[in-house]
$ cat input-v4.txt   # compact mmCIF, C-alpha atoms
# COMPACT_ATOMS: atom_id res chain seq x y z
CA MET N 8 -32.41 23.34 36.99
CA GLY N 9 -33.22 19.94 35.51
CA VAL N 10 -35.83 21.42 33.17
CA ILE N 11 -33.42 24.16 32.07
CA ILE N 12 -30.60 21.66 31.38
CA VAL N 13 -32.87 19.24 29.46
CA THR N 14 -34.40 22.08 27.44
CA THR N 15 -30.97 23.51 26.60
CA ALA N 16 -29.63 20.08 25.62
CA THR N 17 -32.70 19.50 23.45
CA VAL N 18 -32.19 22.80 21.64
CA PHE N 19 -28.56 21.86 20.99
CA TRP N 20 -29.70 18.43 19.85
CA LEU N 21 -32.07 20.02 17.31
CA PHE N 22 -29.27 22.18 15.91
CA LEU N 23 -26.90 19.19 15.74
CA LEU N 24 -29.51 16.74 14.45
CA PRO N 25 -28.00 16.60 10.92
CA VAL N 26 -24.66 15.54 12.40
CA THR N 27 -26.12 13.01 14.83
CA LEU N 28 -28.30 11.42 12.15
CA ARG N 29 -25.28 11.12 9.87
CA GLY N 30 -23.49 9.25 12.66
CA GLU N 31 -20.08 10.79 12.04
CA ALA N 32 -18.17 14.03 12.31
CA SER N 33 -15.29 15.33 10.24
CA ASN N 34 -13.40 16.38 13.35
CA PRO N 35 -12.93 13.78 16.12
CA TYR N 36 -13.24 16.34 18.91
CA LEU N 37 -16.45 17.73 17.42
CA GLY N 38 -17.66 14.14 17.40
CA ILE N 39 -16.82 13.78 21.09
CA LEU N 40 -18.72 16.98 21.85
CA VAL N 41 -21.76 15.95 19.81
CA PHE N 42 -21.98 12.24 20.55
CA LEU N 43 -20.43 11.96 24.00
CA GLY N 44 -20.69 15.45 25.51
CA LEU N 45 -24.35 16.13 24.76
CA PRO N 46 -25.94 12.95 26.23
CA GLY N 47 -24.37 13.57 29.66
CA PRO N 48 -26.14 16.88 30.46
CA PHE N 49 -29.37 15.62 28.86
CA PHE N 50 -29.63 12.53 31.07
CA ALA N 51 -28.34 14.43 34.11
CA GLY N 52 -31.16 16.95 33.66
CA LEU N 53 -33.73 14.17 33.37
CA ILE N 54 -32.51 12.71 36.64
CA MET N 55 -32.58 16.12 38.36
CA ILE N 56 -36.28 16.70 37.55
CA PRO N 57 -37.78 13.85 39.62
CA LEU N 58 -35.09 14.36 42.24
CA GLY N 59 -36.07 18.03 42.57
CA ILE N 60 -39.78 17.11 42.77
CA TRP N 61 -39.07 14.59 45.53
CA LEU N 62 -36.96 17.05 47.53
CA LYS N 63 -39.55 19.82 47.15
CA ARG N 64 -42.41 17.49 48.17
CA LYS N 65 -40.45 16.28 51.17
CA ARG N 66 -39.66 19.82 52.28
CA GLU N 67 -43.21 21.15 51.76
CA GLY N 68 -44.78 18.10 53.37
CA ARG N 69 -42.98 18.86 56.63
CA SER N 70 -43.88 22.55 56.65
CA GLY N 71 -47.58 22.00 55.90
CA VAL N 72 -47.78 24.70 53.23
CA TYR N 73 -50.73 23.16 51.36
CA PRO N 74 -54.05 24.96 52.11
CA ALA N 75 -57.10 23.08 53.34
CA ASN N 76 -59.00 23.72 50.10
CA PHE N 77 -56.17 22.33 47.92
CA PRO N 78 -57.78 20.75 44.77
CA ALA N 79 -58.19 16.99 44.94
CA LEU N 80 -55.72 15.01 42.86
CA THR N 81 -58.35 13.13 40.86
CA TRP N 82 -58.91 12.66 37.14
CA SER N 83 -61.77 15.17 37.24
CA ASN N 84 -59.20 17.84 38.02
CA VAL N 85 -58.55 19.63 34.68
CA GLU N 86 -55.14 20.95 35.68
CA LEU N 87 -54.03 17.48 36.76
CA ARG N 88 -55.13 16.00 33.42
CA LYS N 89 -53.14 18.68 31.55
CA LEU N 90 -50.12 17.89 33.67
CA VAL N 91 -50.44 14.15 33.00
CA PHE N 92 -50.81 14.71 29.24
CA PHE N 93 -47.78 17.00 29.25
CA PHE N 94 -45.78 14.47 31.25
CA VAL N 95 -46.67 11.63 28.83
CA ALA N 96 -45.82 13.75 25.76
CA ALA N 97 -42.55 14.95 27.31
CA THR N 98 -41.65 11.37 28.24
CA VAL N 99 -42.19 10.19 24.66
CA VAL N 100 -40.07 13.05 23.33
CA ASN N 101 -37.35 12.42 25.91
CA LEU N 102 -37.29 8.71 25.11
CA ALA N 103 -36.93 9.51 21.41
CA ILE N 104 -34.12 12.00 22.03
CA GLY N 105 -32.41 9.84 24.65
CA SER N 106 -32.46 6.69 22.53
CA GLN N 107 -31.12 8.59 19.52
CA LEU N 108 -28.34 10.13 21.62
CA THR N 109 -27.47 6.75 23.12
CA TYR N 110 -27.41 5.03 19.74
CA GLY N 111 -25.37 7.87 18.26
CA ALA N 112 -22.83 7.70 21.09
CA VAL N 113 -22.39 3.93 20.81
CA ASN N 114 -22.22 4.10 17.02
CA TYR N 115 -19.65 6.91 17.12
CA MET N 116 -17.45 5.07 19.60
CA GLU N 117 -17.22 2.24 17.07
CA SER N 118 -16.31 4.50 14.15
CA VAL N 119 -12.90 4.61 12.49
CA THR N 120 -12.69 8.34 13.23
CA PHE N 121 -13.09 7.77 16.97
CA CYS N 122 -10.66 4.82 17.04
CA GLY N 123 -7.96 6.42 14.94
CA LEU N 124 -8.06 10.15 15.59
CA THR N 125 -9.34 10.76 19.12
CA CYS N 126 -6.15 9.59 20.86
CA HIS N 127 -4.06 11.19 18.14
CA THR N 128 -0.53 10.58 19.45
CA VAL N 129 -1.11 7.03 20.65
CA MET N 130 -3.03 5.78 17.62
CA GLN N 131 -1.29 7.80 14.91
CA PRO N 132 1.05 4.95 13.84
CA GLU N 133 -1.76 2.39 13.64
CA TYR N 134 -4.20 4.76 11.94
CA THR N 135 -1.62 5.82 9.35
CA ALA N 136 -0.76 2.23 8.50
CA TYR N 137 -4.44 1.26 8.47
CA GLN N 138 -5.27 3.89 5.85
CA ASP N 139 -2.68 2.37 3.50
CA SER N 140 -3.65 -1.26 4.08
CA PRO N 141 -5.83 -3.81 2.25
CA HIS N 142 -8.32 -3.49 5.12
CA SER N 143 -8.65 0.31 4.94
CA ARG N 144 -12.37 -0.02 4.13
CA VAL N 145 -13.06 -2.36 7.04
CA ASP N 146 -14.11 -0.70 10.31
CA CYS N 147 -11.68 -1.22 13.20
CA VAL N 148 -14.35 -2.85 15.38
CA LYS N 149 -15.02 -5.55 12.78
CA CYS N 150 -11.60 -7.06 13.53
CA HIS N 151 -10.83 -5.85 17.04
CA ILE N 152 -14.25 -6.53 18.55
CA GLY N 153 -16.44 -8.50 16.19
CA ALA N 154 -20.05 -9.43 16.84
CA GLY N 155 -21.66 -10.30 20.17
CA ALA N 156 -22.58 -8.55 23.41
CA SER N 157 -19.84 -10.09 25.58
CA TRP N 158 -16.99 -8.78 23.44
CA PHE N 159 -18.73 -5.42 23.15
CA VAL N 160 -18.72 -5.12 26.94
CA LYS N 161 -15.10 -6.28 27.14
CA SER N 162 -14.09 -3.68 24.58
CA LYS N 163 -15.76 -0.86 26.51
CA LEU N 164 -14.08 -1.93 29.76
CA SER N 165 -10.76 -2.09 27.94
CA GLY N 166 -11.46 1.30 26.40
CA THR N 167 -12.05 2.77 29.86
CA ARG N 168 -8.63 1.55 31.00
CA GLN N 169 -7.08 2.98 27.84
CA LEU N 170 -8.78 6.32 28.48
CA PHE N 171 -7.13 6.57 31.89
CA ALA N 172 -3.79 5.46 30.40
CA VAL N 173 -3.96 8.22 27.78
CA SER N 174 -5.13 10.84 30.29
CA LEU N 175 -2.36 9.97 32.76
CA HIS N 176 0.22 9.32 30.05
CA THR N 177 0.94 5.83 31.39
CA TYR N 178 0.68 3.99 28.07
CA PRO N 179 3.77 2.11 26.80
CA THR N 180 5.79 3.38 23.85
CA PRO N 181 5.76 1.73 21.42
CA ILE N 182 2.49 -0.13 21.93
CA PRO N 183 3.59 -3.75 22.53
CA THR N 184 2.55 -6.51 20.17
CA PRO N 185 1.07 -8.99 19.72
CA VAL N 186 -2.09 -7.62 21.32
CA ARG N 187 -2.99 -9.54 24.46
CA ASN N 188 -6.48 -11.00 24.88
CA LEU N 189 -7.27 -10.37 21.23
CA ARG N 190 -10.44 -12.08 20.08
CA PRO N 191 -9.64 -15.39 18.32
CA ALA N 192 -9.05 -14.99 14.59
CA ARG N 193 -11.64 -17.67 13.83
CA GLU N 194 -14.31 -15.36 15.26
CA THR N 195 -13.19 -12.27 13.33
CA CYS N 196 -10.87 -12.90 10.35
CA GLU N 197 -12.74 -16.00 9.26
CA GLN N 198 -15.99 -14.08 8.87
CA CYS N 199 -14.52 -13.02 5.52
CA HIS N 200 -11.55 -15.37 5.02
CA TRP N 201 -11.27 -18.98 6.04
CA PRO N 202 -8.40 -21.41 5.43
CA GLN N 203 -10.71 -24.36 4.79
CA LYS N 204 -11.84 -22.74 1.52
CA TYR N 205 -9.64 -23.73 -1.39
CA GLY N 206 -7.60 -20.82 -2.77
CA GLU N 207 -6.18 -20.87 -6.28
CA ASP N 208 -2.44 -20.33 -6.77
CA ARG N 209 -1.68 -16.63 -7.05
CA LEU N 210 1.02 -14.70 -8.86
CA LYS N 211 3.06 -12.32 -6.72
CA VAL N 212 5.44 -9.83 -8.33
CA ILE N 213 8.02 -8.16 -6.08
CA PRO N 214 9.80 -5.14 -7.64
CA LYS N 215 13.23 -4.15 -6.36
CA PHE N 216 15.41 -1.20 -7.27
CA ALA N 217 19.17 -1.49 -6.97
CA SER N 218 21.33 1.06 -5.16
CA ASP N 219 23.30 1.83 -8.32
CA GLU N 220 23.37 4.98 -10.42
CA HIS N 221 20.52 3.84 -12.65
CA ASN N 222 18.33 2.43 -9.85
CA THR N 223 18.15 -0.77 -11.87
CA LEU N 224 14.72 -2.37 -11.58
CA THR N 225 14.46 -6.13 -11.18
CA LYS N 226 11.48 -8.29 -10.38
CA THR N 227 10.97 -11.51 -8.48
CA VAL N 228 7.95 -13.53 -9.53
CA LEU N 229 6.42 -16.10 -7.20
CA LEU N 230 3.52 -18.47 -7.71
CA MET N 231 2.03 -18.70 -4.23
CA LYS N 232 0.41 -22.02 -3.34
CA ILE N 233 -2.48 -20.81 -1.21
CA GLY N 234 -4.25 -24.18 -1.06
CA GLY N 235 -6.70 -24.97 1.70
CA GLY N 236 -9.72 -27.20 1.89
CA ASN N 237 -9.64 -30.68 0.40
CA LYS N 238 -8.63 -29.72 -3.13
CA GLY N 239 -5.12 -28.59 -2.41
CA ILE N 240 -2.72 -28.73 0.52
CA GLY N 241 -0.75 -25.55 -0.05
CA ILE N 242 -0.03 -23.04 2.71
CA HIS N 243 -3.47 -22.90 4.31
CA GLY N 244 -4.17 -26.59 4.00
CA THR N 245 -0.89 -27.53 5.63
CA HIS N 246 -1.24 -25.18 8.56
CA LEU N 247 -4.99 -24.88 9.16
CA GLY N 248 -6.63 -27.52 7.00
CA PRO N 249 -9.38 -29.91 8.19
CA GLY N 250 -8.17 -31.80 11.25
CA VAL N 251 -4.87 -29.91 11.43
CA VAL N 252 -3.97 -28.27 14.76
CA ILE N 253 -0.54 -26.73 15.37
CA ARG N 254 0.68 -25.84 18.85
CA TYR N 255 3.96 -24.08 19.43
CA GLY N 256 6.04 -22.79 22.31
CA HIS N 257 7.67 -19.37 22.13
CA SER N 258 10.30 -17.98 24.47
CA ASP N 259 9.75 -14.25 23.83
CA GLU N 260 6.77 -11.94 24.10
CA ALA N 261 6.90 -11.05 20.40
CA ARG N 262 6.63 -14.75 19.39
CA GLN N 263 9.69 -14.47 17.18
CA THR N 264 11.65 -17.29 18.82
CA ILE N 265 9.86 -20.65 18.54
CA PRO N 266 11.94 -23.62 19.76
CA TRP N 267 9.08 -26.18 19.98
CA VAL N 268 6.29 -27.16 17.56
CA GLU N 269 3.62 -29.86 17.76
CA TYR N 270 1.86 -30.81 14.52
CA ASP N 271 -1.45 -32.64 14.99
CA ASN N 272 -2.90 -34.07 11.77
CA ASN N 273 -6.24 -35.68 12.63
CA GLY N 274 -4.89 -37.15 15.85
CA LYS N 275 -1.41 -38.04 14.60
CA LYS N 276 0.93 -35.82 16.60
CA THR N 277 4.52 -35.04 15.64
CA VAL N 278 6.81 -32.89 17.78
CA TYR N 279 9.59 -30.81 16.20
CA ALA N 280 12.08 -29.11 18.49
CA ALA N 281 15.20 -27.01 18.19
CA ALA N 282 18.45 -28.45 19.52
CA ASP N 283 18.34 -26.33 22.70
CA ALA N 284 14.63 -26.90 23.45
CA LYS N 285 13.68 -28.65 26.67
CA PRO N 286 11.49 -31.79 26.58
CA ASP N 287 7.78 -31.11 25.97
CA GLY N 288 8.55 -27.42 25.54
CA ALA N 289 9.13 -26.84 29.24
CA GLY N 290 9.64 -23.19 30.14
CA LEU N 291 7.94 -21.94 26.97
CA THR N 292 4.64 -20.13 26.52
CA MET N 293 2.27 -22.35 24.56
CA ARG N 294 -0.12 -21.16 21.87
CA THR N 295 -2.40 -22.76 19.30
CA MET N 296 -1.63 -21.40 15.86
CA ASP N 297 -4.22 -19.34 13.97
CA CYS N 298 -4.29 -16.79 11.15
CA MET N 299 -2.58 -14.08 13.22
CA ASP N 300 0.64 -16.08 13.64
CA CYS N 301 1.53 -15.47 9.98
CA HIS N 302 -0.80 -12.57 9.08
CA ASN N 303 0.19 -10.72 12.24
CA ARG N 304 -0.15 -7.23 10.74
CA PRO N 305 -2.97 -7.45 8.20
CA ALA N 306 -3.98 -3.81 8.58
CA HIS N 307 -1.02 -2.20 10.39
CA SER N 308 2.17 -3.21 8.57
CA TYR N 309 5.35 -1.15 8.44
CA ASP N 310 8.20 -1.26 5.94
CA LEU N 311 11.95 -1.21 6.33
CA PRO N 312 13.53 1.75 4.51
CA GLU N 313 14.66 -0.28 1.47
CA ARG N 314 11.22 -1.80 1.03
CA GLY N 315 9.49 1.53 1.54
CA VAL N 316 11.64 3.25 -1.09
CA ASP N 317 11.05 0.37 -3.53
CA LYS N 318 7.31 0.86 -3.13
CA GLY N 319 7.62 4.62 -3.56
CA MET N 320 9.73 4.29 -6.70
CA ASN N 321 7.47 1.62 -8.16
CA ALA N 322 4.45 3.89 -7.60
CA GLY N 323 6.24 6.84 -9.21
CA ALA N 324 6.34 8.96 -6.05
CA ILE N 325 10.17 8.86 -6.16
CA SER N 326 11.61 9.24 -9.65
CA ALA N 327 13.66 6.19 -10.64
CA SER N 328 15.37 8.21 -13.39
CA LEU N 329 17.31 10.32 -10.87
CA PRO N 330 20.81 8.89 -10.42
CA PHE N 331 21.38 7.07 -7.12
CA ALA N 332 17.88 8.01 -5.97
CA LYS N 333 17.38 4.67 -4.18
CA LYS N 334 20.75 4.75 -2.42
CA LYS N 335 20.44 8.37 -1.31
CA ALA N 336 16.85 8.00 -0.20
CA VAL N 337 17.68 5.01 2.02
CA GLU N 338 20.66 6.85 3.52
CA ILE N 339 18.52 9.87 4.37
CA LEU N 340 15.74 7.73 5.86
CA LYS N 341 18.17 5.94 8.16
CA MET N 342 19.39 9.20 9.68
CA PRO N 343 17.99 9.98 13.17
CA TYR N 344 15.32 12.67 13.51
CA LEU N 345 13.97 13.85 16.84
CA SER N 346 10.49 14.60 15.53
CA ARG N 347 8.33 14.39 12.44
CA GLU N 348 8.59 18.17 12.15
CA GLU N 349 12.38 17.93 11.98
CA ALA N 350 12.12 15.15 9.41
CA ALA N 351 9.69 17.21 7.30
CA GLU N 352 12.26 20.00 7.21
CA LYS N 353 15.46 18.01 6.72
CA ILE N 354 14.54 15.06 4.48
CA PRO N 355 13.44 17.01 1.36
CA ALA N 356 16.19 19.58 1.89
CA THR N 357 18.94 16.93 2.23
CA PHE N 358 17.68 15.05 -0.82
CA ALA N 359 17.58 18.25 -2.91
CA LYS N 360 21.04 19.36 -1.71
CA TYR N 361 22.54 16.06 -2.88
CA TYR N 362 21.52 16.83 -6.47
CA GLN N 363 22.45 20.49 -6.14
CA ASP N 364 25.99 19.49 -5.15
CA SER N 365 26.53 16.24 -7.09
CA TYR N 366 24.37 16.76 -10.17
CA PRO N 367 23.94 20.53 -10.66
CA GLU N 368 22.80 20.10 -14.26
CA ILE N 369 20.03 17.72 -13.24
CA TRP N 370 19.02 20.11 -10.46
CA ARG N 371 18.89 23.02 -12.92
CA GLN N 372 16.81 21.18 -15.52
CA ARG N 373 14.66 18.92 -13.31
CA GLN N 374 14.26 20.82 -10.07
CA ALA N 375 10.52 20.10 -9.81
CA GLU N 376 11.14 16.36 -10.29
CA VAL N 377 13.83 16.31 -7.60
CA THR N 378 11.62 18.28 -5.21
CA ALA N 379 8.71 15.90 -5.78
CA ALA N 380 10.99 12.91 -5.20
CA GLY N 381 12.16 14.49 -1.93
CA GLN N 382 8.55 14.71 -0.82
CA GLY N 383 8.15 11.06 -1.83
CA VAL N 384 11.04 10.12 0.45
CA LEU N 385 9.41 12.10 3.26
CA ALA N 386 6.16 10.22 2.62
CA VAL N 387 8.00 6.93 3.21
CA TYR N 388 9.25 8.29 6.53
CA ASN N 389 5.82 9.60 7.58
CA ARG N 390 4.25 6.27 6.70
CA ASN N 391 6.59 4.27 8.94
CA ILE N 392 8.27 6.36 11.65
CA PHE N 393 6.63 8.00 14.69
CA PRO N 394 9.22 9.34 17.18
CA GLU N 395 6.69 10.28 19.88
CA MET N 396 5.60 6.64 20.10
CA LYS N 397 9.15 5.33 19.57
CA VAL N 398 8.07 3.52 16.42
CA THR N 399 11.28 3.16 14.43
CA TRP N 400 12.49 0.97 11.57
CA GLY N 401 11.84 -2.70 12.28
CA VAL N 402 10.13 -2.26 15.67
CA TYR N 403 7.08 -4.17 14.41
CA PRO N 404 8.19 -7.36 12.59
CA MET N 405 5.86 -8.84 9.99
CA ASN N 406 5.69 -12.63 9.92
CA LEU N 407 4.28 -12.99 6.41
CA GLY N 408 7.24 -14.05 4.27
CA HIS N 409 10.87 -14.28 5.29
CA GLU N 410 12.85 -11.57 3.52
CA ASP N 411 12.65 -8.60 5.90
CA PHE N 412 12.03 -10.55 9.13
CA PRO N 413 12.38 -14.22 10.18
CA GLY N 414 8.68 -14.84 9.49
CA CYS N 415 8.30 -18.37 8.08
CA PHE N 416 11.85 -19.23 9.15
CA ARG N 417 10.84 -19.06 12.80
CA CYS N 418 9.83 -22.70 12.26
CA HIS N 419 10.99 -23.51 8.70
CA ASP N 420 14.67 -22.92 9.43
CA GLY N 421 15.89 -26.50 9.09
CA GLY N 422 16.69 -26.58 12.79
CA HIS N 423 13.41 -28.00 14.10
CA SER N 424 13.42 -31.79 13.95
CA THR N 425 11.84 -34.86 15.53
CA LYS N 426 13.73 -37.33 17.71
CA GLY N 427 14.09 -39.48 14.58
CA GLY N 428 15.77 -36.64 12.70
CA ASP N 429 12.91 -35.54 10.41
CA ALA N 430 12.92 -31.75 10.13
CA ILE N 431 10.22 -29.21 9.30
CA THR N 432 10.66 -28.68 5.59
CA GLN N 433 12.63 -25.72 4.30
CA ASP N 434 11.83 -26.53 0.68
CA CYS N 435 10.98 -23.29 -1.13
CA ASN N 436 8.57 -25.10 -3.45
CA ALA N 437 6.41 -26.16 -0.51
CA CYS N 438 4.86 -22.69 -0.37
CA HIS N 439 5.68 -21.15 -3.73
CA ASN N 440 7.32 -21.74 -7.09
CA LEU N 441 10.08 -19.28 -7.94
CA LEU N 442 9.30 -18.25 -11.52
CA ALA N 443 11.85 -15.45 -11.70
CA ALA N 444 14.47 -14.13 -9.27
CA ASP N 445 15.64 -10.52 -9.56
CA GLU N 446 15.29 -10.41 -13.35
CA SER N 447 15.05 -7.18 -15.32
CA ASN N 448 12.44 -8.50 -17.74
CA PRO N 449 11.03 -11.79 -16.47
CA LYS N 450 10.02 -13.98 -19.36
CA VAL N 451 7.01 -15.33 -17.48
CA LEU N 452 5.48 -11.84 -17.24
CA THR N 453 6.00 -11.27 -20.96
CA GLU N 454 4.29 -14.58 -21.74
CA LEU N 455 1.39 -13.64 -19.51
CA GLY N 456 1.02 -10.31 -21.30
CA MET N 457 1.94 -8.24 -18.27
CA ASP N 458 3.81 -4.98 -18.76
CA THR N 459 7.40 -5.46 -17.53
CA ALA N 460 8.60 -2.01 -18.53
CA LYS N 461 7.29 -0.40 -15.36
$ encode --input "input-v4.txt" --output "structure tokens"
Amino acid sequence: MGVIIVTTATVFWLFLLPVTLRGEASNPYLGILVFLGLPGPFFAGLIMIPLGIWLKRKREGRSGVYPANFPALTWSNVELRKLVFFFVAATVVNLAIGSQLTYGAVNYMESVTFCGLTCHTVMQPEYTAYQDSPHSRVDCVKCHIGAGASWFVKSKLSGTRQLFAVSLHTYPTPIPTPVRNLRPARETCEQCHWPQKYGEDRLKVIPKFASDEHNTLTKTVLLMKIGGGNKGIGIHGTHLGPGVVIRYGHSDEARQTIPWVEYDNNGKKTVYAAADAKPDGAGLTMRTMDCMDCHNRPAHSYDLPERGVDKGMNAGAISASLPFAKKKAVEILKMPYLSREEAAEKIPATFAKYYQDSYPEIWRQRQAEVTAAGQGVLAVYNRNIFPEMKVTWGVYPMNLGHEDFPGCFRCHDGGHSTKGGDAITQDCNACHNLLAADESNPKVLTELGMDTAK
């Protein structure tokens, strides 16, 4: 039986060799079959062969079936030499196949396809957001596991628990954040980014469409003071510069309420506390600040409906020339839908019906444009809402900035002060210079030669 199983698995391996050498499969379940299903029978068959030999030898040894003239088991025995040569050759082949299967399985389990598509329902929100993120070309394991054997083992043990949770449907919905026991950012994020490196000031343009008939486009222009290192304080230098350590106490699991902050600048410690905070942060959960406290969703961010529609209109997926397109799109997105299938049916239809009823002439002349815009609105929904996982608008706050969620204002709210009355600054210019605020044609962009007509 062992020989039959190993031989069969080897034949399958030969047929699937192009896929296993490539290290990936277009379909996640085909990948599971190839990389995880095939090694099991192969190694099981290898174990059965010596086990079967031992059982047979034990049984025949008791019954005395060997004749008196049985050939001596010496090297001069031709049949024995053939058997040894065959055994050595088969062992070499099995080692080659087994090592390739093992490597392929481990490599596949660290692929984006396996992470994002195998547990389709559970990981669909994160995988969808990941594909539309600045880190969409970075493998999941680079951030979630990083290098080193210890974290590799921890990840596989955690993955085993997750496998049982998915199989038994005991996973929480939505998946709670922040992720517990996540590897420190300094061991993952800072392999590519590090706050001690000086960053030049960067221009950030934020487009916004009004909810009026003309979907009036305005732009806010910020000059972000990245800083870092010794050449500039800025955002990174202030929070994570050389010798700077910030500890804070939060009262909620999501780390959105922070009543107590300790700022350590090369040994000089200053404590800032909210009016209702207890001395020394008693009763709070303490944490040392790192990249993830501001960049908490670097690859899995979600928009509020207004922000999502602004992005869609700015990209041209939702026509800004359709009257009240922004207002109607946001209204439709905020309606409750029981499933993504229901949303796929109702969102485009509701958007089209609005123009059929309110602007029949536009519907008659620009039906294709309205239909495409309706699909653009649906794309905003599909990018951010996942009813099966109870991922709805605003369920995952993003701490970078302070417009859609508290973000920076968790500490920079003017309410955290020392015993002497000095407060954590709320000065806008500490982090950025406001070069234009909701202007139709910002002068600064014209002077820089940037196209402001879009």
$ atom_distance --input "input-v4.txt" --atom1 "CA of Ile253 (chain N)" --atom2 "CA of Glu194 (chain N)"
17.9 Å
$ atom_distance --input "input-v4.txt" --atom1 "CA of His176 (chain N)" --atom2 "CA of Gly111 (chain N)"
28.2 Å
$ closest_residue --input "input-v4.txt" --among "N:Pro305, N:Pro25, N:Gly456, N:Gly428" --to "His142 (chain N)" --atoms "only C-alpha atoms"
N:Pro305
$ closest_atom_pairs --input "input-v4.txt" --of "region 339-428 of chain N" --to "region 261-268 of chain N" --cutoff "9 Å" --atoms "all atoms listed in the file" --output "JSON lines"
{"residue": "N:Pro404", "atom": "CA", "partner": "N:Gln263", "partner_atom": "CA", "distance": 8.6}
{"residue": "N:Asn406", "atom": "CA", "partner": "N:Gln263", "partner_atom": "CA", "distance": 8.5}
{"residue": "N:Pro413", "atom": "CA", "partner": "N:Gln263", "partner_atom": "CA", "distance": 7.5}
{"residue": "N:Gly414", "atom": "CA", "partner": "N:Gln263", "partner_atom": "CA", "distance": 7.8}
{"residue": "N:Arg417", "atom": "CA", "partner": "N:Ile265", "partner_atom": "CA", "distance": 6.0}
{"residue": "N:Cys418", "atom": "CA", "partner": "N:Ile265", "partner_atom": "CA", "distance": 6.6}
{"residue": "N:Gly422", "atom": "CA", "partner": "N:Pro266", "partner_atom": "CA", "distance": 8.9}
{"residue": "N:His423", "atom": "CA", "partner": "N:Pro266", "partner_atom": "CA", "distance": 7.3}
$ residues_around --input "input-v4.txt" --residues "Glu410 (chain N)" --least-positions-apart "6" --cutoff "12 Å" --atoms "all atoms listed in the file" --output "JSON, numbers by chain"
{"N": [213, 310, 311, 313, 314, 404, 416]}
$ write_last_selection --input "input-v4.txt" --atoms "C-alpha atoms" --output "PDB file, in the coordinates of the input"
ATOM      1  CA  ILE N 213       8.020  -8.160  -6.080  1.00  0.00           C
ATOM      2  CA  ASP N 310       8.200  -1.260   5.940  1.00  0.00           C
ATOM      3  CA  LEU N 311      11.950  -1.210   6.330  1.00  0.00           C
ATOM      4  CA  GLU N 313      14.660  -0.280   1.470  1.00  0.00           C
ATOM      5  CA  ARG N 314      11.220  -1.800   1.030  1.00  0.00           C
ATOM      6  CA  PRO N 404       8.190  -7.360  12.590  1.00  0.00           C
ATOM      7  CA  PHE N 416      11.850 -19.230   9.150  1.00  0.00           C
TER       8      PHE N 416
END
$ closest_residue --input "input-v4.txt" --among "N:Thr432, N:Asn222, N:Thr227, N:Thr295" --to "Val252 (chain N)" --atoms "only C-alpha atoms"
N:Thr295
$ atom_distance --input "input-v4.txt" --atom1 "CA of Gly241 (chain N)" --atom2 "CA of Cys438 (chain N)"
6.3 Å
$ residues_around --input "input-v4.txt" --residues "Tyr178 (chain N)" --least-positions-apart "5" --cutoff "8 Å" --atoms "all atoms listed in the file" --output "NGL selection string"
:N and (169 or 172-173)
$ residues_around --input "input-v4.txt" --residues "Val251 (chain N)" --least-positions-apart "6" --cutoff "7 Å" --atoms "only C-alpha atoms" --output "ChimeraX atom specification"
/N:271-273
$ closest_residue --input "input-v4.txt" --among "N:Gly248, N:Gly235, N:Pro141, N:Gly155" --to "Thr195 (chain N)" --atoms "only C-alpha atoms"
N:Gly155
$ decode --input "input-v4.txt" --residues "region 95-110 of chain N" --atoms "C-alpha atoms" --output "tab-separated table (two decimals), in the first residue's frame"
chain	number	residue	atom	x	y	z
N	95	VAL	CA	19.58	4.17	-2.45
N	96	ALA	CA	18.27	5.48	-5.80
N	97	ALA	CA	14.67	5.54	-4.54
N	98	THR	CA	15.78	7.34	-1.37
N	99	VAL	CA	17.55	10.04	-3.40
N	100	VAL	CA	14.48	10.49	-5.60
N	101	ASN	CA	12.16	10.57	-2.58
N	102	LEU	CA	14.35	13.13	-0.83
N	103	ALA	CA	14.29	15.32	-3.93
N	104	ILE	CA	10.51	15.04	-4.29
N	105	GLY	CA	9.86	15.39	-0.56
N	106	SER	CA	12.06	18.46	-0.15
N	107	GLN	CA	10.47	20.11	-3.18
N	108	LEU	CA	6.98	19.37	-1.86
N	109	THR	CA	7.89	20.67	1.59
N	110	TYR	CA	9.44	23.85	0.21
